[in-house]
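Asks: Before I ask anything, let me first share the structure, which is written out below as structure tokens.
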Amino acid sequence: MAVVFLGMVLLLAVYLGIIILSTYGIYYHLVEHSEIIRYSANYASVFIYLWPAAAGAVLVFFMVKPILAGRPEQPPKYSLTAQSDPVLFAFIGRICELVRSPLPNRVDVDCQINASASFRRGLLSMRGKDVVLTIGLPLARGLSMQEFAGVLAHEFGHFAQGAGMKMTYLVRAISGWFARVVYERDEWDVRLVRAAHSVDLRLGIWLHLIRLSVWLTRRVLWVLMHLGHAISCFMLRQMEYDADSYETKLAGSEAFARTIGKLQALNAAGLLASQKMEKSWEGRRLPQNLPSFINVCVKNVHAKARQALEKPAAKKKKTRFLDTHPCDPDRINAAVAMNQSGVFHSDKAASELFKGFDELCVSASRFHFEHNLGLRITDHNLVPHEISERDSQSQAEGEQALHDFFFGLKLKHLTILVPENPQAELSAALLVESVKQAGLSMEKSEPAVKKALAEYEQAETLYQRGFDAVRQSSQQATTKAAETMQSLAPTLAAFQRHAQTRLSGALQLLNDPALASKVNDAAALQAEAAQLIVVFARVGETMAPLLELGRKFSAFRAALNAAATEKRRNSRVEQAEARLNELDPQLKELIKQIRQPLREVPYPFHHARQDLTVDEFAKNDIPASNKLHSLCNDCTCHLDRLLPLYQRLLSRLAFIALEVEQQIKKH
């Protein structure tokens with residue numbers, strides 16, 4: 001530890017030495033080389049004399065700037081007190097007593113899948129015992145008291161290391177300085193770049209040479225930063241092993257391994273929850289209770305999605321030389337080798353330590369949305385946990401069903417339709433046969449359709465790229481792409497017909513009394529299907545103009561960007577403006593076509609606004625400063641809300657259809 005600390009101090013000395021030598025170099029050059037302009041004051045001599053001094057001054061400024069700059073304003077914290085949560089504070093106090101760690105002066109909670117203990121005021125807190133504990137509420141929701149106690153023991157174990165923790169903090173602080181110098185960019189950096197590109201060429205050469213000097217210095221410091229990381233990472237790994245020993249002694253080796261597994265699952269679920277919230281916020285909806293929503297996602301991650309989420313974790317099964325934390329298998333092996341039974345055992349939920357845990361989660365979630373994410377939240381935006389849990393499970397079932405029904409194919413450019421009022425012209429026996437044959441045809445054509453979809457996607461990308469072009473000569477490149485798409489249409493259309501026959505037939509069979517009696521919860525599925533089919537048929541009518549809206553809106557944004565980025569008026573700007581004037585009425589007409597079939601169609605899923613129609617759901621509700629901005633928001637809202645709605649409707653209908661097909665296969 002002493003060797004590591006000495007190494008980091010030496011690197012810091014090199015950093016400060018570069019600043020001092022650069023400053024002295026400026027002084028030496030100005031004093032000792034003044035004869036350059038004393039006898040010849042032409043432009044070249046002035047340049048030769050002043051450029052090194054100017055470059056050195058800017059260089060010193062950009063190196064000193066990260067040290068002098070204050071820390072960015074931190075978002076407010078959501079804190080608990082011993083009066084509000086006496087049981088939790090007594091629990092924390094007992095753990096600190098066992099671990100021989102200082103008691104935290106403050107306990108904060110947030111919605112991260114993590115817990116941490118740190119110096120409250122940074123370097124100013126190192127002389128005393130000024131510690132703040134931050135608890136991630138998803139951990140408290142997902143762990144038992146025994147596992148939760150182990151996590152807290154790990155965090156307080158760092159502070160039980162005494163001088164080691166303080167030295168580690170200093171090592172991290174020095175590494176932070178290097179990282180700020182190398183990577184941090186602010187308004188001064190932006191101004192230097194802008195000035196170099198906008199001023200007169202003669203002065204611009206000076207500024208570009210200064211930028212080159214700054215870049216070269218940062219490359220040198222980049223080497224120092226990574227060298228510091230390399231000499232400190234071994235010590236940091238040992239600190240983690242030591243903190244793990246506190247957790248293992250308190251909770252036991254078996255509980256340690258179990259906690260690692262739960263943390264991996266929670267982290268995977270956290271990524272999925274973030275993706276789901278990003279999509280749901282497009283409809284201005286968020287879970288009211290984020291910690292519970294993350295724990296629900298642990299159960300609802302289907303197999304394929306779980307594999308995709310766990311791939312990054314799978315790569316960390318071996319501790320590498322530059323890792324600051326040991327990999328999970330190494331940590332588990334070290335804990336198992338200790339063979340500890342632990343001194344605290346309880347299977348009760350850690351959430352019982354908190355007073356009014358659900359209410360706390362609701363308040364902390366809203367606090368997180370407003371202060372950490374900067375979102376403007378009202379009660380209408382927040383979905384109650386019971387509904388959020390049901391929706392999450394429903395969507396997970398639907399996503400898996402969509403994958404199974406279409407054999408894993410992504411139907412981004414293929415619309416599946418079902419009639420709003422299907423005519424029962426076929427008997428149940430004939431419907432069963434048609435569903436079976438359609439399913440076999442889909443399965444048989446899957447390899448060819450998969451290849452066709454990949455080629456269609458490439459052609460669509462080329463078509464869009466040409467369509468986005470401002471110059472008409474470039475737009476002609478879409479012709480070949482359109483021909484490719486047309487040649488693939490028969491293969492895709494055949495698959496589309498089989499899918500529609502299979503889906504529609506299975507949904508009709510749900511109303512057959514003999515078959516329905518064998519389906520689990522048939523009455524609820526019948527009611528759900530009856531509601532969704534009507535909405536799905538109407539939304540299906542909008543898919544063609546909706547996809548066309550996506551293409552033309554992309555071209556509209558490309559023209560808007562071309563008109564805005566040009567510095568002065570030229571032929572390209574005129575072409576971009578002409579393109580905007582051409583696309584503007586077309587976009588408005590497409591939006592009108594999309595909204596027409598959706599009027600009076602009730603929105604089929606839960607929403608804070610009651611009696612909401614699909615038309616109102618898709619309507620633009622984002623404030624705009626001008627008509628152009630309003631049109632962009634209008635297009636964005638329709639695309640971001642109706643396309644996911646179509647997928648959600650299709651996934652639920654596919655789930656119901658597969659429930660029916662299971663009974664068909666049995667009988």
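All residue names refer to the structure tokens as shown: chains lettered A, B, ... in order, residues numbered from 1 in each chain, ligands numbered from 1 in order.
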Looking only at the backbone, which of the residues in region 231-415 of chain A does DSSP tag as alpha helix (DSSP H), as a VMD selection string?
Replies: chain A and resid 231 to 251 253 to 281 290 to 300 303 to 314 328 to 338 357 to 367 385 to 405
Asks: Counting only C-alpha atoms, what are the residues of region 343-428 of chain A within 12 Å of region 604-623 of chain A, and for each of them which pair of atoms is the nearest and at what distance in Å, to one decimal? Sort the table by chain and rising number, as a tab-separated table.
Replies:
```
residue	atom	partner	partner_atom	distance
A:Arg376	CA	A:Ile622	CA	11.7
A:Thr378	CA	A:Ala608	CA	10.2
A:Asp379	CA	A:Ala608	CA	8.1
A:His380	CA	A:Ala608	CA	4.9
A:Asn381	CA	A:Ala608	CA	6.7
A:Leu382	CA	A:Ala608	CA	7.5
A:Val383	CA	A:Ala608	CA	7.1
A:Pro384	CA	A:Ala608	CA	9.5
A:Glu386	CA	A:His606	CA	11.3
A:Ile387	CA	A:His606	CA	7.6
A:Ser388	CA	A:His606	CA	9.1
A:Glu389	CA	A:His606	CA	11.8
A:Arg390	CA	A:His606	CA	10.2
A:Asp391	CA	A:His606	CA	8.4
A:Ser392	CA	A:His606	CA	11.9
A:Ser394	CA	A:Phe605	CA	10.7
A:Gln395	CA	A:Phe605	CA	11.2
```
Asks: What would the file look like if the residues just selected were written as a PDB file, in the first residue's frame with N, CA, C and O atoms?
Replies:
```pdb
ATOM      1  N   ARG A 376     -40.072  16.203 -15.647  1.00  0.00           N
ATOM      2  CA  ARG A 376     -41.196  16.927 -15.056  1.00  0.00           C
ATOM      3  C   ARG A 376     -42.337  15.934 -14.853  1.00  0.00           C
ATOM      4  O   ARG A 376     -42.946  15.461 -15.814  1.00  0.00           O
ATOM      5  N   THR A 378     -45.907  14.504 -12.987  1.00  0.00           N
ATOM      6  CA  THR A 378     -47.164  14.736 -12.279  1.00  0.00           C
ATOM      7  C   THR A 378     -47.721  13.376 -11.872  1.00  0.00           C
ATOM      8  O   THR A 378     -47.224  12.322 -12.304  1.00  0.00           O
ATOM      9  N   ASP A 379     -48.763  13.394 -11.059  1.00  0.00           N
ATOM     10  CA  ASP A 379     -49.369  12.130 -10.626  1.00  0.00           C
ATOM     11  C   ASP A 379     -49.889  11.321 -11.802  1.00  0.00           C
ATOM     12  O   ASP A 379     -49.957  10.089 -11.740  1.00  0.00           O
ATOM     13  N   HIS A 380     -50.262  11.991 -12.890  1.00  0.00           N
ATOM     14  CA  HIS A 380     -50.790  11.298 -14.061  1.00  0.00           C
ATOM     15  C   HIS A 380     -49.722  10.460 -14.764  1.00  0.00           C
ATOM     16  O   HIS A 380     -50.047   9.526 -15.499  1.00  0.00           O
ATOM     17  N   ASN A 381     -48.438  10.813 -14.545  1.00  0.00           N
ATOM     18  CA  ASN A 381     -47.355  10.090 -15.220  1.00  0.00           C
ATOM     19  C   ASN A 381     -46.965   8.798 -14.514  1.00  0.00           C
ATOM     20  O   ASN A 381     -46.264   7.964 -15.103  1.00  0.00           O
ATOM     21  N   LEU A 382     -47.389   8.627 -13.257  1.00  0.00           N
ATOM     22  CA  LEU A 382     -46.915   7.516 -12.443  1.00  0.00           C
ATOM     23  C   LEU A 382     -47.948   6.395 -12.382  1.00  0.00           C
ATOM     24  O   LEU A 382     -49.113   6.621 -12.053  1.00  0.00           O
ATOM     25  N   VAL A 383     -47.500   5.185 -12.690  1.00  0.00           N
ATOM     26  CA  VAL A 383     -48.379   4.005 -12.717  1.00  0.00           C
ATOM     27  C   VAL A 383     -48.250   3.266 -11.384  1.00  0.00           C
ATOM     28  O   VAL A 383     -47.133   2.924 -10.971  1.00  0.00           O
ATOM     29  N   PRO A 384     -49.364   3.000 -10.678  1.00  0.00           N
ATOM     30  CA  PRO A 384     -49.298   2.258  -9.409  1.00  0.00           C
ATOM     31  C   PRO A 384     -48.604   0.918  -9.575  1.00  0.00           C
ATOM     32  O   PRO A 384     -48.650   0.296 -10.649  1.00  0.00           O
ATOM     33  N   GLU A 386     -49.153  -2.149  -8.489  1.00  0.00           N
ATOM     34  CA  GLU A 386     -49.944  -3.335  -8.834  1.00  0.00           C
ATOM     35  C   GLU A 386     -50.176  -3.397 -10.340  1.00  0.00           C
ATOM     36  O   GLU A 386     -50.042  -4.462 -10.967  1.00  0.00           O
ATOM     37  N   ILE A 387     -50.502  -2.255 -10.925  1.00  0.00           N
ATOM     38  CA  ILE A 387     -50.734  -2.207 -12.373  1.00  0.00           C
ATOM     39  C   ILE A 387     -49.418  -2.359 -13.115  1.00  0.00           C
ATOM     40  O   ILE A 387     -49.335  -3.050 -14.138  1.00  0.00           O
ATOM     41  N   SER A 388     -48.367  -1.719 -12.616  1.00  0.00           N
ATOM     42  CA  SER A 388     -47.052  -1.823 -13.250  1.00  0.00           C
ATOM     43  C   SER A 388     -46.563  -3.268 -13.251  1.00  0.00           C
ATOM     44  O   SER A 388     -46.002  -3.751 -14.242  1.00  0.00           O
ATOM     45  N   GLU A 389     -46.791  -3.980 -12.137  1.00  0.00           N
ATOM     46  CA  GLU A 389     -46.380  -5.382 -12.047  1.00  0.00           C
ATOM     47  C   GLU A 389     -47.163  -6.236 -13.037  1.00  0.00           C
ATOM     48  O   GLU A 389     -46.595  -7.090 -13.727  1.00  0.00           O
ATOM     49  N   ARG A 390     -48.467  -5.992 -13.113  1.00  0.00           N
ATOM     50  CA  ARG A 390     -49.295  -6.760 -14.043  1.00  0.00           C
ATOM     51  C   ARG A 390     -48.904  -6.473 -15.498  1.00  0.00           C
ATOM     52  O   ARG A 390     -48.814  -7.385 -16.321  1.00  0.00           O
ATOM     53  N   ASP A 391     -48.648  -5.203 -15.787  1.00  0.00           N
ATOM     54  CA  ASP A 391     -48.242  -4.843 -17.149  1.00  0.00           C
ATOM     55  C   ASP A 391     -46.891  -5.460 -17.498  1.00  0.00           C
ATOM     56  O   ASP A 391     -46.678  -5.918 -18.625  1.00  0.00           O
ATOM     57  N   SER A 392     -45.970  -5.445 -16.530  1.00  0.00           N
ATOM     58  CA  SER A 392     -44.642  -6.008 -16.782  1.00  0.00           C
ATOM     59  C   SER A 392     -44.729  -7.498 -17.091  1.00  0.00           C
ATOM     60  O   SER A 392     -44.087  -8.001 -18.025  1.00  0.00           O
ATOM     61  N   SER A 394     -47.399  -9.068 -18.187  1.00  0.00           N
ATOM     62  CA  SER A 394     -48.116  -9.214 -19.453  1.00  0.00           C
ATOM     63  C   SER A 394     -47.189  -8.967 -20.637  1.00  0.00           C
ATOM     64  O   SER A 394     -47.214  -9.712 -21.625  1.00  0.00           O
ATOM     65  N   GLN A 395     -46.352  -7.941 -20.539  1.00  0.00           N
ATOM     66  CA  GLN A 395     -45.439  -7.638 -21.635  1.00  0.00           C
ATOM     67  C   GLN A 395     -44.372  -8.718 -21.780  1.00  0.00           C
ATOM     68  O   GLN A 395     -43.983  -9.067 -22.905  1.00  0.00           O
TER      69      GLN A 395
END
```
Asks: When you look at region 155-157 of chain A with a cut-off of 6 Å (counting only C-alpha atoms), what residues show up, excluding the ones that are within fewer than 2 positions of it in the same chain? I need them as a VMD selection string.
Replies: chain A and resid 101 116 to 117 152 to 153 159 to 160 243 246
Asks: Output the selection as a compact mmCIF listing (two decimals), in the first residue's frame - N, CA, C and O atoms for each residue.
Replies:
```
# COMPACT_ATOMS: atom_id res chain seq x y z
N SER A 101 -16.44 -0.28 12.79
CA SER A 101 -16.41 0.82 11.83
C SER A 101 -17.12 2.02 12.45
O SER A 101 -18.01 1.85 13.29
N SER A 116 -23.24 2.05 -0.77
CA SER A 116 -21.89 2.61 -0.67
C SER A 116 -21.75 3.38 0.62
O SER A 116 -22.73 3.92 1.16
N ALA A 117 -20.52 3.43 1.13
CA ALA A 117 -20.17 4.26 2.27
C ALA A 117 -18.98 5.11 1.86
O ALA A 117 -18.03 4.61 1.24
N LEU A 152 -23.96 -4.40 3.80
CA LEU A 152 -23.57 -3.26 4.62
C LEU A 152 -22.23 -3.52 5.32
O LEU A 152 -21.40 -2.61 5.46
N ALA A 153 -22.01 -4.75 5.77
CA ALA A 153 -20.74 -5.10 6.41
C ALA A 153 -19.58 -4.91 5.44
O ALA A 153 -18.49 -4.47 5.83
N PHE A 159 -14.18 1.06 5.85
CA PHE A 159 -13.82 2.06 6.85
C PHE A 159 -13.15 1.42 8.06
O PHE A 159 -12.40 2.08 8.79
N ALA A 160 -13.41 0.13 8.28
CA ALA A 160 -12.69 -0.58 9.34
C ALA A 160 -11.22 -0.75 8.98
O ALA A 160 -10.39 -1.01 9.85
N ALA A 243 -12.70 -6.38 2.32
CA ALA A 243 -14.08 -5.99 2.65
C ALA A 243 -15.02 -7.18 2.52
O ALA A 243 -15.96 -7.34 3.31
N TYR A 246 -15.24 -9.26 5.70
CA TYR A 246 -16.17 -8.78 6.73
C TYR A 246 -17.58 -9.28 6.42
O TYR A 246 -18.32 -9.69 7.32
```
Asks: Within 12 Å of Phe369 (chain A), counting only C-alpha atoms, which residues show up once you throw out same-chain ones fewer than 3 positions away? Write them as a list in words, please.
Replies: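 Skipping anything fewer than 3 positions along the chain leaves Pro75, Asp110, Cys111, Met277, Glu278, Trp281, Arg285, Leu286, Pro287, Gln288, Asn289, Leu290, Val362, Ser363, Ala364, Ser365, Arg366, Asn372, Leu373, Gly374, Leu375, Arg376, Ile377, Thr378, Asn381 and Leu382 of chain A.
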Asks: Have a look at A:Cys361, A:Leu227, A:Gln393, A:Pro422 and name the one nearest to Val298 (chain A); count only C-alpha atoms.
Replies: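 Using only C-alpha atoms, the shortest distance to Val298 (chain A) belongs to A:Gln393.
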Asks: What is the distance, in Å and to one decimal place, between CA of Arg551 (chain A) and CA of Phe495 (chain A)?
Replies: 23.9 Å
Asks: Report, in Å to a single decimal, how far apart CA of Val31 (chain A) and CA of Leu12 (chain A) are.
Replies: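 These two atoms are separated by 28.9 Å.
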Asks: Restricting the calculation to only C-alpha atoms: of A:Tyr241, A:Trp222, A:Phe344, A:Phe406, which residue gets closest to His158 (chain A)?
Replies: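 Among the listed residues, A:Tyr241 lies closest to His158 (chain A).
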Asks: Distance CA of Ala53 (chain A)-CA of Leu212 (chain A), one decimal place?
Replies: 14.3 Å
Asks: Choose the residue, out of A:Cys297, A:Ile656, A:Val539, A:Leu224, that has the smallest atom-to-atom separation from Gln596 (chain A); count only C-alpha atoms.
Replies: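 Checking each of A:Cys297, A:Ile656, A:Val539, A:Leu224 against Gln596 (chain A), counting only C-alpha atoms, the winner is A:Val539.
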Asks: For Gly93 (chain A), which of A:Ala544, A:Leu272, A:Ala149, A:Val573 is the closest residue, counting only C-alpha atoms?
Replies: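 Answer, going by the shortest atom-to-atom distance: A:Ala149.
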Asks: Which residues are close to Arg538 (chain A), i.e. within 9 Å by only C-alpha atoms, leaving aside same-chain residues fewer than 2 positions away? Reply as a list in words.
Replies: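 Answer for this query is Glu420, Ile533, Val534, Val535, Phe536, Gly540, Glu541, Thr542, Pro597, Leu598 and Val601 of chain A.
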Asks: Emit the selected residues as an mmCIF file, in the first residue's frame, including N, CA and C atoms.
Replies:
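Result file follows (part.cif):
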```cif
data_model
loop_
_atom_site.group_PDB
_atom_site.id
_atom_site.type_symbol
_atom_site.label_atom_id
_atom_site.label_comp_id
_atom_site.auth_asym_id
_atom_site.auth_seq_id
_atom_site.Cartn_x
_atom_site.Cartn_y
_atom_site.Cartn_z
ATOM 1 N N GLU A 420 -61.360 -6.805 -38.118
ATOM 2 C CA GLU A 420 -61.977 -6.282 -36.899
ATOM 3 C C GLU A 420 -63.174 -7.131 -36.485
ATOM 4 N N ILE A 533 -58.618 -7.073 -30.450
ATOM 5 C CA ILE A 533 -58.758 -7.281 -31.897
ATOM 6 C C ILE A 533 -59.254 -6.013 -32.573
ATOM 7 N N VAL A 534 -60.215 -5.340 -31.968
ATOM 8 C CA VAL A 534 -60.763 -4.120 -32.563
ATOM 9 C C VAL A 534 -59.678 -3.049 -32.652
ATOM 10 N N VAL A 535 -58.952 -2.863 -31.563
ATOM 11 C CA VAL A 535 -57.898 -1.845 -31.550
ATOM 12 C C VAL A 535 -56.781 -2.229 -32.519
ATOM 13 N N PHE A 536 -56.414 -3.515 -32.522
ATOM 14 C CA PHE A 536 -55.329 -3.978 -33.388
ATOM 15 C C PHE A 536 -55.677 -3.778 -34.863
ATOM 16 N N GLY A 540 -53.690 -1.359 -37.184
ATOM 17 C CA GLY A 540 -53.121 -1.968 -38.382
ATOM 18 C C GLY A 540 -53.381 -1.143 -39.629
ATOM 19 N N GLU A 541 -54.551 -0.481 -39.692
ATOM 20 C CA GLU A 541 -54.857 0.376 -40.840
ATOM 21 C C GLU A 541 -53.883 1.538 -40.959
ATOM 22 N N THR A 542 -53.303 1.934 -39.852
ATOM 23 C CA THR A 542 -52.397 3.096 -39.860
ATOM 24 C C THR A 542 -50.952 2.723 -40.148
ATOM 25 N N PRO A 597 -58.596 6.704 -38.595
ATOM 26 C CA PRO A 597 -59.196 5.447 -38.111
ATOM 27 C C PRO A 597 -59.106 5.242 -36.603
ATOM 28 N N LEU A 598 -58.345 6.090 -35.913
ATOM 29 C CA LEU A 598 -58.139 5.904 -34.482
ATOM 30 C C LEU A 598 -59.113 6.702 -33.616
ATOM 31 N N VAL A 601 -61.574 5.180 -30.777
ATOM 32 C CA VAL A 601 -61.095 3.839 -30.422
ATOM 33 C C VAL A 601 -60.484 3.906 -29.022
#
```
Asks: Do you know which residues are at most 12 Å from Glu577 (chain A) counting only C-alpha atoms, after dropping those on the same chain fewer than 2 positions away, and could you put them as a PyMOL selection string?
Replies: chain A and resi 470-471+556-564+566+569-575+579-584
